[in-house]
Amino acid sequence: MTITMHLIEEYQKQLGYYPQEECWIIFLNSQMHVLGRQLIARGDLTHVTVHPRDVFRGAVAINAYCFIVLHNHPSGNKAPSAADLRVARQLMVCGEIMQIHLCDFWILTAHDYYSFHEQEILKKQ
């Protein structure tokens with residue numbers, strides 16, 4: 001099992017059934033080893049507000065090379081929302097400037113997940 005699948009399964013157990021949206025960041029070094037994890041924001045049933053400054057504050061503090069954003073959709077719908085796409089775009093732009101890269105953006109549900117990287121969404125942003 002890859003580290004990616006291990007992390008997805010781990011967080012799916014934690015967040016997949018959670019009744020409100022949360023956004024977590026997993027910080028990685030250049031060898032893709034986990035440096036740390038941080039809860040960035042907690043929302044309500046249908047949305048969570050994520051600010052790039054909160055993501056990059058943690059990334060700089062831990063000296064991360066890149067990061068993965070993950071959050072849950074309590075509705076069970078794994079499709080990215082317009083807000084998810086907007087946040088991913090903002091994080092990519094900020095990441096280019098800061099040279100701390102967005103590796104992936106995961107949306108977790110109780111029984112499934114969506115990876116922006118796997119769907120090549122990050123290349124289209």
# chains A, B, ... in the order shown; residues from 1 in each chain; ligands from 1

call {"tool": "closest_atom_pairs", "arguments": {"of": "range 9-58 of chain A", "to": "range 65-84 of chain A", "cutoff": "8 Å", "atoms": "only C-alpha atoms", "output": "CSV"}}
result
residue,atom,partner,partner_atom,distance
A:Leu15,CA,A:Asn72,CA,6.0
A:Gly16,CA,A:Asn72,CA,6.2
A:Tyr17,CA,A:Pro74,CA,6.7
A:Tyr18,CA,A:Pro74,CA,6.4
A:Pro19,CA,A:Pro74,CA,5.6
A:Gln20,CA,A:Pro74,CA,6.2
A:Glu21,CA,A:Asn72,CA,5.5
A:Glu22,CA,A:His71,CA,5.4
A:Cys23,CA,A:His71,CA,4.4
A:Trp24,CA,A:Leu70,CA,5.3
A:Ile25,CA,A:Val69,CA,4.8
A:Ile26,CA,A:Ile68,CA,5.1
A:Phe27,CA,A:Phe67,CA,4.5
A:Leu28,CA,A:Cys66,CA,5.3
A:Asn29,CA,A:Tyr65,CA,4.8
A:Ser30,CA,A:Tyr65,CA,5.4
A:Leu45,CA,A:Pro74,CA,6.5
A:Thr46,CA,A:His73,CA,7.4

call {"tool": "write_last_selection", "arguments": {"atoms": "C-alpha atoms", "output": "compact mmCIF listing (two decimals), in the first residue's frame"}}
result
# COMPACT_ATOMS: atom_id res chain seq x y z
CA LEU A 15 -13.43 12.30 8.71
CA GLY A 16 -15.60 10.23 6.39
CA TYR A 17 -18.46 10.03 8.87
CA TYR A 18 -17.90 13.40 10.53
CA PRO A 19 -21.09 15.53 10.41
CA GLN A 20 -19.38 18.81 9.54
CA GLU A 21 -16.70 19.77 7.05
CA GLU A 22 -13.10 20.04 8.19
CA CYS A 23 -9.95 20.92 6.30
CA TRP A 24 -6.61 19.37 7.21
CA ILE A 25 -3.15 19.89 5.75
CA ILE A 26 -0.48 17.20 5.59
CA PHE A 27 2.98 18.72 5.26
CA LEU A 28 5.67 16.76 3.38
CA ASN A 29 9.39 17.07 2.80
CA SER A 30 11.10 16.71 -0.59
CA LEU A 45 -22.62 20.72 7.16
CA THR A 46 -22.06 22.18 3.69

call {"tool": "residues_around", "arguments": {"residues": "Ser115 in chain A", "least_positions_apart": "4", "cutoff": "7 Å", "atoms": "only C-alpha atoms", "output": "PDB file with N, CA and C atoms, in the first residue's frame"}}
result
ATOM      1  N   ASP A 104      -1.506  17.628  -3.728  1.00  0.00           N
ATOM      2  CA  ASP A 104      -2.811  17.037  -4.020  1.00  0.00           C
ATOM      3  C   ASP A 104      -3.858  17.689  -3.138  1.00  0.00           C
ATOM      4  N   PHE A 105      -5.095  17.479  -3.514  1.00  0.00           N
ATOM      5  CA  PHE A 105      -6.253  17.984  -2.784  1.00  0.00           C
ATOM      6  C   PHE A 105      -7.243  16.832  -2.771  1.00  0.00           C
ATOM      7  N   TRP A 106      -7.543  16.321  -1.574  1.00  0.00           N
ATOM      8  CA  TRP A 106      -8.438  15.172  -1.449  1.00  0.00           C
ATOM      9  C   TRP A 106      -9.769  15.591  -0.863  1.00  0.00           C
ATOM     10  N   ILE A 107     -10.815  15.040  -1.396  1.00  0.00           N
ATOM     11  CA  ILE A 107     -12.141  15.161  -0.811  1.00  0.00           C
ATOM     12  C   ILE A 107     -12.537  13.767  -0.352  1.00  0.00           C
ATOM     13  N   GLN A 119      -7.173  13.008 -10.900  1.00  0.00           N
ATOM     14  CA  GLN A 119      -8.079  13.493 -11.952  1.00  0.00           C
ATOM     15  C   GLN A 119      -7.436  14.579 -12.820  1.00  0.00           C
TER      16      GLN A 119
END

call {"tool": "residues_around", "arguments": {"residues": "Met98 in chain A", "least_positions_apart": "5", "cutoff": "10 Å", "atoms": "only C-alpha atoms", "output": "list in words"}}
result
Phe56, Ala59, Val60, Tyr65, Leu91, Met92 and Val93 of chain A

call {"tool": "select_by_dssp", "arguments": {"residues": "range 31-102 of chain A", "states": "strand (DSSP E or B)", "output": "PyMOL selection string"}}
result
chain A and resi 34-42+66-72+101-102

call {"tool": "closest_residue", "arguments": {"among": "A:Ala64, A:Leu122, A:Leu85, A:Met5", "to": "Gln99 in chain A", "atoms": "only C-alpha atoms"}}
result
A:Ala64
